[in-house]
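Engineer: start_32.cif is reproduced in full below (mmCIF, C-alpha atoms and all ligand atoms).
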```cif
data_my_file
loop_
_atom_site.label_atom_id
_atom_site.label_comp_id
_atom_site.auth_asym_id
_atom_site.auth_seq_id
_atom_site.Cartn_x
_atom_site.Cartn_y
_atom_site.Cartn_z
CA MET E 1 -16.90 -225.75 93.89
CA THR E 2 -17.69 -229.08 95.44
CA ALA E 3 -17.48 -229.47 99.19
CA THR E 4 -16.41 -233.09 99.01
CA LEU E 5 -13.26 -233.63 97.06
CA PRO E 6 -13.44 -236.06 94.13
CA TYR E 7 -9.71 -236.74 94.51
CA ALA E 8 -8.26 -239.45 96.74
CA PRO E 9 -6.37 -238.41 99.89
CA ARG E 10 -2.62 -238.89 99.94
CA ALA E 11 -1.06 -241.55 102.15
CA GLU E 12 -0.08 -240.11 105.51
CA ALA E 13 2.78 -242.58 105.80
CA ALA E 14 4.67 -240.98 102.89
CA PRO E 15 3.95 -237.25 103.10
CA VAL E 16 4.65 -235.00 100.13
CA GLU E 17 7.48 -232.55 100.78
CA MET E 18 8.81 -229.76 98.61
CA LYS E 19 12.27 -228.58 99.53
CA LEU E 20 14.16 -225.49 98.38
CA GLU E 21 17.86 -225.40 99.16
CA GLN E 22 19.76 -222.14 98.70
CA VAL E 23 17.75 -221.31 95.62
CA SER E 24 18.65 -218.17 93.68
CA ARG E 25 17.45 -216.90 90.34
CA TRP E 26 18.74 -213.87 88.54
CA PHE E 27 17.71 -212.22 85.28
CA GLY E 28 20.72 -210.26 84.01
CA ASN E 29 21.58 -207.93 86.88
CA VAL E 30 18.27 -208.42 88.70
CA VAL E 31 18.31 -210.92 91.53
CA ALA E 32 14.66 -211.98 91.69
CA VAL E 33 15.16 -214.78 94.24
CA ASN E 34 18.12 -214.65 96.60
CA ASP E 35 19.38 -217.72 98.47
CA VAL E 36 16.00 -219.06 99.59
CA SER E 37 15.76 -222.25 101.65
CA MET E 38 12.43 -223.60 102.87
CA THR E 39 10.45 -226.81 103.19
CA VAL E 40 6.79 -226.87 102.27
CA ARG E 41 4.66 -229.66 103.72
CA PRO E 42 1.08 -230.85 103.18
CA GLY E 43 -1.60 -228.27 103.98
CA VAL E 44 -2.10 -224.70 102.85
CA THR E 45 0.94 -222.40 102.89
CA GLY E 46 0.77 -218.69 102.09
CA LEU E 47 3.65 -217.00 100.29
CA LEU E 48 3.33 -213.40 101.40
CA GLY E 49 5.21 -210.40 100.06
CA PRO E 50 4.84 -207.02 98.40
CA ASN E 51 4.85 -206.58 94.63
CA GLY E 52 8.18 -207.44 93.08
CA ALA E 53 9.29 -209.53 96.08
CA GLY E 54 10.01 -212.53 93.88
CA LYS E 55 6.89 -214.59 94.63
CA SER E 56 6.04 -215.37 91.00
CA THR E 57 9.63 -216.27 90.22
CA LEU E 58 9.76 -218.56 93.26
CA ILE E 59 6.53 -220.28 92.22
CA HIS E 60 7.88 -220.82 88.70
CA LEU E 61 11.08 -222.27 90.15
CA MET E 62 9.00 -224.58 92.36
CA SER E 63 6.90 -225.71 89.42
CA GLY E 64 9.99 -226.82 87.50
CA PHE E 65 9.29 -224.53 84.54
CA LEU E 66 12.13 -222.17 85.39
CA PRO E 67 15.64 -223.41 86.25
CA PRO E 68 17.31 -221.99 89.37
CA SER E 69 20.52 -220.04 88.69
CA SER E 70 21.85 -221.87 91.74
CA GLY E 71 20.46 -224.21 94.39
CA THR E 72 17.89 -226.99 94.08
CA VAL E 73 14.13 -227.49 94.28
CA THR E 74 13.03 -231.05 95.00
CA VAL E 75 9.82 -232.96 95.64
CA ASN E 76 10.55 -235.88 97.95
CA GLY E 77 14.17 -235.72 96.89
CA GLU E 78 13.60 -235.46 93.13
CA PRO E 79 14.61 -232.22 91.36
CA THR E 80 11.66 -230.39 89.77
CA TRP E 81 13.57 -228.72 86.93
CA HIS E 82 13.15 -230.47 83.61
CA ASN E 83 11.75 -233.59 85.21
CA GLU E 84 8.75 -235.04 83.42
CA SER E 85 7.77 -237.42 86.20
CA ILE E 86 7.62 -234.47 88.59
CA TYR E 87 5.47 -232.40 86.20
CA ARG E 88 2.80 -235.05 86.68
CA ARG E 89 2.85 -234.36 90.41
CA ILE E 90 2.66 -230.56 90.21
CA GLY E 91 -0.23 -228.31 89.22
CA LEU E 92 0.38 -224.62 88.52
CA VAL E 93 -2.15 -221.79 88.42
CA PRO E 94 -0.13 -218.87 87.00
CA GLU E 95 -1.07 -215.26 87.74
CA ARG E 96 -1.09 -214.02 84.19
CA GLU E 97 -1.48 -216.42 81.39
CA ALA E 98 -2.38 -215.86 77.81
CA MET E 99 -5.51 -217.96 77.42
CA TYR E 100 -6.89 -218.73 74.00
CA ASP E 101 -10.05 -216.64 73.90
CA GLY E 102 -11.59 -218.66 71.08
CA VAL E 103 -11.34 -221.99 72.92
CA SER E 104 -14.08 -223.27 75.22
CA GLY E 105 -13.33 -223.88 78.88
CA TRP E 106 -13.99 -227.57 78.28
CA ASN E 107 -11.48 -227.81 75.43
CA PHE E 108 -8.91 -225.87 77.39
CA VAL E 109 -9.07 -228.30 80.32
CA LEU E 110 -9.31 -231.32 78.01
CA ALA E 111 -6.20 -230.23 76.07
CA ASN E 112 -4.27 -230.21 79.31
CA ALA E 113 -5.58 -233.64 80.27
CA LYS E 114 -4.31 -234.90 76.90
CA LEU E 115 -0.95 -233.17 77.34
CA HIS E 116 -0.51 -235.13 80.56
CA ARG E 117 -1.38 -238.28 78.56
CA LEU E 118 -4.04 -239.27 81.07
CA PRO E 119 -5.70 -242.63 80.37
CA ASP E 120 -9.21 -241.09 80.26
CA PRO E 121 -8.75 -237.39 79.49
CA ARG E 122 -12.50 -236.69 79.14
CA ALA E 123 -13.34 -238.13 82.55
CA ALA E 124 -10.43 -236.21 84.09
CA ALA E 125 -11.55 -232.94 82.47
CA GLN E 126 -15.13 -233.52 83.58
CA ARG E 127 -14.06 -234.15 87.16
CA ALA E 128 -11.82 -231.06 87.31
CA ILE E 129 -14.54 -228.82 85.81
CA GLU E 130 -17.09 -230.11 88.31
CA THR E 131 -14.63 -229.52 91.14
CA VAL E 132 -14.46 -225.82 90.29
CA ASP E 133 -18.20 -225.65 89.54
CA MET E 134 -17.82 -224.57 85.92
CA GLN E 135 -20.08 -227.17 84.25
CA ALA E 136 -22.70 -224.61 83.20
CA ALA E 137 -20.19 -222.37 81.40
CA SER E 138 -17.73 -224.99 80.16
CA SER E 139 -18.98 -224.95 76.54
CA ARG E 140 -18.56 -221.16 76.29
CA ASP E 141 -15.41 -219.61 74.90
CA VAL E 142 -12.85 -218.49 77.45
CA GLY E 143 -13.01 -214.99 75.90
CA THR E 144 -16.53 -214.56 77.30
CA TYR E 145 -15.52 -215.43 80.87
CA SER E 146 -15.19 -213.02 83.78
CA LYS E 147 -11.79 -212.83 85.49
CA GLY E 148 -13.04 -215.07 88.29
CA MET E 149 -14.31 -217.68 85.80
CA LYS E 150 -10.97 -217.66 83.97
CA GLN E 151 -9.31 -218.20 87.31
CA ARG E 152 -11.54 -221.23 87.98
CA ILE E 153 -10.82 -222.75 84.58
CA LYS E 154 -7.09 -222.29 85.19
CA MET E 155 -7.64 -224.06 88.53
CA ALA E 156 -9.39 -226.94 86.73
CA THR E 157 -6.42 -227.16 84.34
CA ALA E 158 -4.02 -227.37 87.27
CA LEU E 159 -6.13 -230.06 88.98
CA VAL E 160 -6.85 -232.20 85.93
CA HIS E 161 -4.00 -234.65 86.54
CA ASP E 162 -4.67 -234.85 90.30
CA PRO E 163 -1.34 -233.37 91.44
CA ASP E 164 0.33 -233.79 94.85
CA VAL E 165 1.53 -230.19 94.82
CA LEU E 166 -0.65 -227.27 93.80
CA LEU E 167 1.00 -223.87 93.25
CA LEU E 168 -1.23 -220.82 92.82
CA ASP E 169 0.04 -217.33 91.96
CA GLU E 170 -2.27 -214.62 93.37
CA PRO E 171 -5.32 -216.87 92.89
CA PHE E 172 -7.86 -214.53 94.48
CA ASN E 173 -7.21 -211.61 92.15
CA GLY E 174 -10.39 -210.63 90.35
CA MET E 175 -12.63 -212.96 92.33
CA ASP E 176 -15.83 -211.81 94.00
CA PRO E 177 -16.31 -212.66 97.71
CA ARG E 178 -18.36 -215.78 96.98
CA GLN E 179 -15.84 -217.18 94.50
CA ARG E 180 -13.09 -216.34 96.96
CA LEU E 181 -14.75 -218.35 99.74
CA GLN E 182 -15.36 -221.28 97.42
CA LEU E 183 -11.74 -221.33 96.32
CA MET E 184 -10.58 -221.07 99.93
CA ASP E 185 -12.75 -224.10 100.81
CA LEU E 186 -11.35 -226.09 97.91
CA MET E 187 -7.76 -225.21 98.78
CA THR E 188 -8.39 -226.14 102.42
CA GLU E 189 -9.84 -229.51 101.37
CA LEU E 190 -6.88 -230.19 99.08
CA GLY E 191 -4.51 -229.34 101.92
CA ARG E 192 -6.40 -231.62 104.33
CA SER E 193 -6.18 -234.46 101.82
CA GLY E 194 -2.39 -234.49 102.19
CA ARG E 195 -1.50 -232.26 99.24
CA VAL E 196 0.94 -229.37 99.32
CA VAL E 197 -1.03 -226.22 98.47
CA LEU E 198 1.05 -223.05 98.20
CA PHE E 199 -0.39 -219.72 97.09
CA SER E 200 1.06 -216.23 96.81
CA SER E 201 -0.55 -213.02 97.95
CA HIS E 202 0.40 -209.50 99.02
CA ILE E 203 -2.54 -209.28 101.44
CA LEU E 204 -1.88 -210.49 104.99
CA GLU E 205 -5.59 -210.89 105.87
CA GLU E 206 -6.12 -213.13 102.85
CA VAL E 207 -3.22 -215.35 103.84
CA GLU E 208 -4.29 -215.48 107.48
CA GLN E 209 -7.73 -216.78 106.60
CA ILE E 210 -6.59 -220.11 105.21
CA ALA E 211 -2.86 -220.62 105.50
CA ALA E 212 -1.57 -222.75 108.37
CA GLY E 213 1.96 -221.63 107.54
CA ILE E 214 3.19 -218.34 106.13
CA GLU E 215 6.46 -217.73 104.30
CA VAL E 216 7.31 -214.06 103.86
CA MET E 217 9.36 -212.87 100.88
CA VAL E 218 10.81 -209.38 100.57
CA ALA E 219 13.18 -208.14 97.88
CA GLY E 220 13.97 -211.68 96.76
CA ARG E 221 14.82 -212.88 100.23
CA HIS E 222 13.03 -215.24 102.59
CA ALA E 223 12.24 -212.78 105.37
CA ALA E 224 10.19 -214.72 107.88
CA SER E 225 8.41 -218.01 108.42
CA GLY E 226 5.73 -219.10 110.87
CA ASP E 227 2.04 -219.33 111.59
CA PHE E 228 -0.06 -216.19 111.36
CA ARG E 229 0.33 -215.44 115.09
CA GLU E 230 4.10 -215.35 114.77
CA ILE E 231 3.96 -213.21 111.63
CA ARG E 232 1.45 -210.83 113.29
CA ARG E 233 3.68 -210.63 116.35
CA LEU E 234 6.71 -209.74 114.23
CA MET E 235 4.67 -207.06 112.54
CA THR E 236 3.20 -205.49 115.70
CA GLU E 237 6.42 -205.64 117.69
CA ARG E 238 8.36 -203.65 115.16
CA PRO E 239 8.95 -199.93 115.94
CA HIS E 240 5.97 -197.84 114.87
CA GLN E 241 6.29 -194.32 113.49
CA TYR E 242 3.61 -191.78 114.40
CA THR E 243 2.89 -188.20 113.51
CA ILE E 244 1.15 -186.34 116.32
CA ARG E 245 -0.46 -182.89 116.38
CA SER E 246 -1.44 -181.51 119.76
CA SER E 247 -2.03 -178.27 121.66
CA ASP E 248 1.44 -178.56 123.28
CA ASP E 249 3.86 -180.76 121.30
CA ARG E 250 6.83 -179.74 123.44
CA ALA E 251 5.29 -180.85 126.76
CA LEU E 252 4.06 -184.07 125.17
CA ALA E 253 7.54 -184.74 123.74
CA ALA E 254 9.11 -184.30 127.18
CA ALA E 255 6.63 -186.72 128.74
CA LEU E 256 7.18 -189.36 126.04
CA ILE E 257 10.99 -189.14 126.29
CA ALA E 258 10.79 -189.57 130.07
CA ASP E 259 8.50 -192.58 129.71
CA GLY E 260 10.78 -194.84 127.68
CA SER E 261 8.22 -196.38 125.32
CA THR E 262 9.76 -194.43 122.44
CA SER E 263 13.21 -194.44 120.91
CA GLY E 264 12.95 -191.14 119.08
CA VAL E 265 10.85 -187.98 119.51
CA GLU E 266 11.32 -185.04 117.17
CA LEU E 267 9.57 -181.70 116.87
CA GLY E 268 8.91 -180.76 113.28
CA HIS E 269 6.79 -178.83 110.81
CA LYS E 270 4.70 -179.82 107.87
CA THR E 271 3.10 -177.28 105.56
CA GLY E 272 3.68 -174.61 108.19
CA SER E 273 2.01 -176.34 111.13
CA PRO E 274 3.98 -177.90 113.99
CA LEU E 275 3.97 -181.62 114.62
CA LEU E 276 5.70 -184.30 116.60
CA ASN E 277 7.37 -187.33 114.98
CA VAL E 278 7.55 -190.30 117.31
CA GLN E 279 9.14 -193.70 117.00
CA ALA E 280 7.40 -196.05 119.43
CA THR E 281 9.39 -199.12 120.39
CA ASP E 282 6.85 -200.55 122.82
CA PHE E 283 3.65 -200.18 120.84
CA ASN E 284 1.21 -201.37 123.53
CA ARG E 285 2.68 -199.16 126.22
CA PHE E 286 2.84 -196.16 123.90
CA ALA E 287 -0.80 -196.58 122.82
CA HIS E 288 -1.83 -196.78 126.47
CA ARG E 289 0.35 -193.95 127.83
CA LEU E 290 -0.12 -191.29 125.16
CA PRO E 291 -3.75 -190.38 126.04
CA VAL E 292 -2.93 -190.60 129.76
CA PHE E 293 -0.05 -188.08 129.40
CA ALA E 294 -2.23 -185.75 127.39
CA ARG E 295 -5.04 -185.87 129.93
CA GLU E 296 -2.73 -185.39 132.93
CA ARG E 297 -1.15 -182.31 131.35
CA GLY E 298 -4.31 -180.83 129.90
CA ILE E 299 -2.94 -181.27 126.34
CA ARG E 300 -5.40 -181.76 123.48
CA LEU E 301 -4.54 -184.38 120.89
CA TYR E 302 -5.67 -183.23 117.45
CA GLU E 303 -4.19 -186.01 115.38
CA VAL E 304 -2.28 -189.29 115.83
CA THR E 305 -1.39 -190.80 112.46
CA PRO E 306 0.71 -193.87 111.76
CA ALA E 307 3.44 -192.75 109.39
CA ASP E 308 4.73 -196.12 108.23
CA GLU E 309 1.78 -198.44 108.00
CA SER E 310 2.27 -199.36 104.38
CA LEU E 311 2.82 -203.05 103.90
CA GLU E 312 6.11 -202.36 102.09
CA LYS E 313 7.50 -200.66 105.21
CA VAL E 314 6.38 -203.50 107.43
CA PHE E 315 7.96 -206.02 105.12
CA SER E 316 11.20 -204.10 104.83
CA TYR E 317 11.38 -204.01 108.61
CA LEU E 318 11.06 -207.79 108.68
CA VAL E 319 13.99 -208.11 106.30
CA ASN E 320 16.24 -205.58 107.99
CA ARG E 321 15.75 -206.81 111.52
N1 LIG T 1 11.83 -212.65 83.09
C1 LIG T 1 12.33 -211.65 83.81
N2 LIG T 1 13.27 -210.83 83.32
C2 LIG T 1 13.79 -209.82 84.05
N3 LIG T 1 13.42 -209.53 85.31
C3 LIG T 1 12.47 -210.30 85.87
C4 LIG T 1 11.87 -211.39 85.15
N4 LIG T 1 10.95 -211.97 85.97
C5 LIG T 1 10.98 -211.28 87.13
N5 LIG T 1 11.88 -210.27 87.08
C6 LIG T 1 12.20 -209.32 88.15
O1 LIG T 1 12.38 -210.05 89.35
C7 LIG T 1 11.81 -209.37 90.46
C8 LIG T 1 10.78 -210.26 91.15
O2 LIG T 1 9.63 -210.39 90.31
P1 LIG T 1 8.40 -211.36 90.61
O3 LIG T 1 7.41 -211.20 89.50
O4 LIG T 1 8.90 -212.71 90.90
O5 LIG T 1 7.82 -210.73 91.95
P2 LIG T 1 6.39 -210.89 92.62
O6 LIG T 1 6.62 -210.91 94.09
O7 LIG T 1 5.67 -212.04 92.03
O8 LIG T 1 5.68 -209.55 92.23
P3 LIG T 1 4.21 -209.30 91.56
O9 LIG T 1 3.24 -209.61 92.64
O10 LIG T 1 4.29 -207.83 91.23
O11 LIG T 1 4.14 -210.20 90.36
C9 LIG T 1 11.25 -208.07 89.92
O12 LIG T 1 12.22 -207.06 90.11
C10 LIG T 1 11.05 -208.37 88.45
O13 LIG T 1 11.13 -207.20 87.69
#
```
What does this structure look like when you write it as structure tokens?
Structural biologist:
Amino acid sequence: MTATLPYAPRAEAAPVEMKLEQVSRWFGNVVAVNDVSMTVRPGVTGLLGPNGAGKSTLIHLMSGFLPPSSGTVTVNGEPTWHNESIYRRIGLVPEREAMYDGVSGWNFVLANAKLHRLPDPRAAAQRAIETVDMQAASSRDVGTYSKGMKQRIKMATALVHDPDVLLLDEPFNGMDPRQRLQLMDLMTELGRSGRVVLFSSHILEEVEQIAAGIEVMVAGRHAASGDFREIRRLMTERPHQYTIRSSDDRALAAALIADGSTSGVELGHKTGSPLLNVQATDFNRFAHRLPVFARERGIRLYEVTPADESLEKVFSYLVNR
């Protein structure tokens, strides 16, 4: 993908702003998005959340292709739902999309340029294809593309009309490391040029690499918002559960209770062998004190395992704070 962007920067005096106000969306009894309010500004924003959190639904609501059950989504004050003038300002890269296997990449992008009724659809398609570095393969049928190539052609389709807002649903899925870096560069450039670039992911490290702002979604709700330092802090400051096996669990338990870096210590058994379940409230202190206690008391630590490190648990903590 090209390092220099062939698209003009947006005027700083009138920044693009996407606003969600108390947006909910339900499907029958399922509440996919629950009372979400947020403002997304120019630059790269990561929408982080576990599977099923409502990220795809939120992106479709933002794009104007899905109506909110309640609340509003606006771009600079104009509602996105069913608004043709706004469609020209938004580009969407969906996660799953039935692509016509028998159509060439070129024709796929060109068809979208025509749908947008661009004055010179061929020039627009050419520019978008060059931007994602797909010139060499553009005459081949989409059915012969790798997942990463399909992703790039979808990106070209979303860019063809030079949108102010680019929404990408899990864009790095199926990409190799080189393609991933190229896409990250392109997204960063688009963000720098004054565009709103929002992408979803369930991988914190991926989001941290390029997103200036992170919005966290869990179970349909907007759970947290901030830069990656704030989100990291929220995640490390939460109580941590550990399973410990040692040569003297009882003595270790007594020392930990007396110390105050834990809120719960419990002796237990798993598959016949004794263990200690610990809830550490002050993670840094606990990590520092545990080996000191063991050494002072001549206790051997056989195993210290985090019991709740799955991303789902971390996310659910953020929501239930
Ligand atoms: N068209 C639909 N009909 C019924 N339920 C839906 C529909 N779309 C989404 N849902 C439900 O809404 C919830 C949120 O789904 P959504 O796809 O938005 O989450 P997600 O965070 O994007 O997850 P994933 O990363 O797995 O796609 C899920 O419980 C899902 O089953």
Engineer: Within 9 Å of Val103 of chain E, counting all atoms listed in the file, which residues show up once you throw out same-chain ones fewer than 6 positions away? Write them as JSON, numbers by chain, please.
Structural biologist: {"E": [139, 140, 141, 142, 143]}
Engineer: Restricting the calculation to all atoms listed in the file, which member of E:Pro171, E:Gly220, E:Gly64, E:Pro121 is positioned closest to ligand LIG 1 (chain T)?
Structural biologist: E:Gly220
Engineer: Can you tell me which residues surround segment 264-271 of chain E at a distance of at most 9 Å, considering all atoms listed in the file, apart from same-chain residues fewer than 5 positions away, and format the answer as an MDAnalysis selection string?
Structural biologist: chainID E and resid 249:250 253:254 256:257 276:281
Engineer: Compare E:Met217, E:Val109, E:Met99, E:Ile86 by their minimum atom-to-atom distance to ligand LIG 1 (chain T), counting all atoms listed in the file, and give me the closest one.
Structural biologist: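 Between E:Met217, E:Val109, E:Met99, E:Ile86, the residue approaching ligand LIG 1 (chain T) most closely is E:Met217.
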Engineer: Give me the residues within 7 Å of segment 245-247 of chain E as a list of chain:residue names, counting only C-alpha atoms and dropping any in the same chain fewer than 5 places off.
Structural biologist: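 Skipping anything fewer than 5 positions along the chain leaves E:Leu275, E:Leu276, E:Ile299, E:Arg300, E:Leu301, E:Tyr302, E:Glu303, E:Val304.
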Engineer: 6 Å from ligand LIG 1 (chain T) is the threshold here; counting all atoms listed in the file, which polymer residues fall inside it? Answer as a list in words.
Structural biologist: Phe27, Ala32, Asn51, Gly52, Ala53, Gly54, Lys55, Ser56 and Thr57 of chain E
Engineer: Of the residues E:Asp176, E:Gly43, E:Met38, E:Val132, which is the one nearest to Val16 of chain E, using all atoms listed in the file?
Structural biologist: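 Checking each candidate against Val16 of chain E, we get E:Gly43 as the closest.
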Engineer: Which of these, E:Arg10, E:Arg152, E:Arg180, E:Arg285, has the shortest distance to Asp259 of chain E once you count all atoms listed in the file?
Structural biologist: E:Arg285
Engineer: What's the separation between atom CA of Leu47 of chain E and atom CA of Gln209 of chain E, in Å to one decimal place?
Structural biologist: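 Answer for the atom CA of Leu47 of chain E to atom CA of Gln209 of chain E separation: 13.0 Å.
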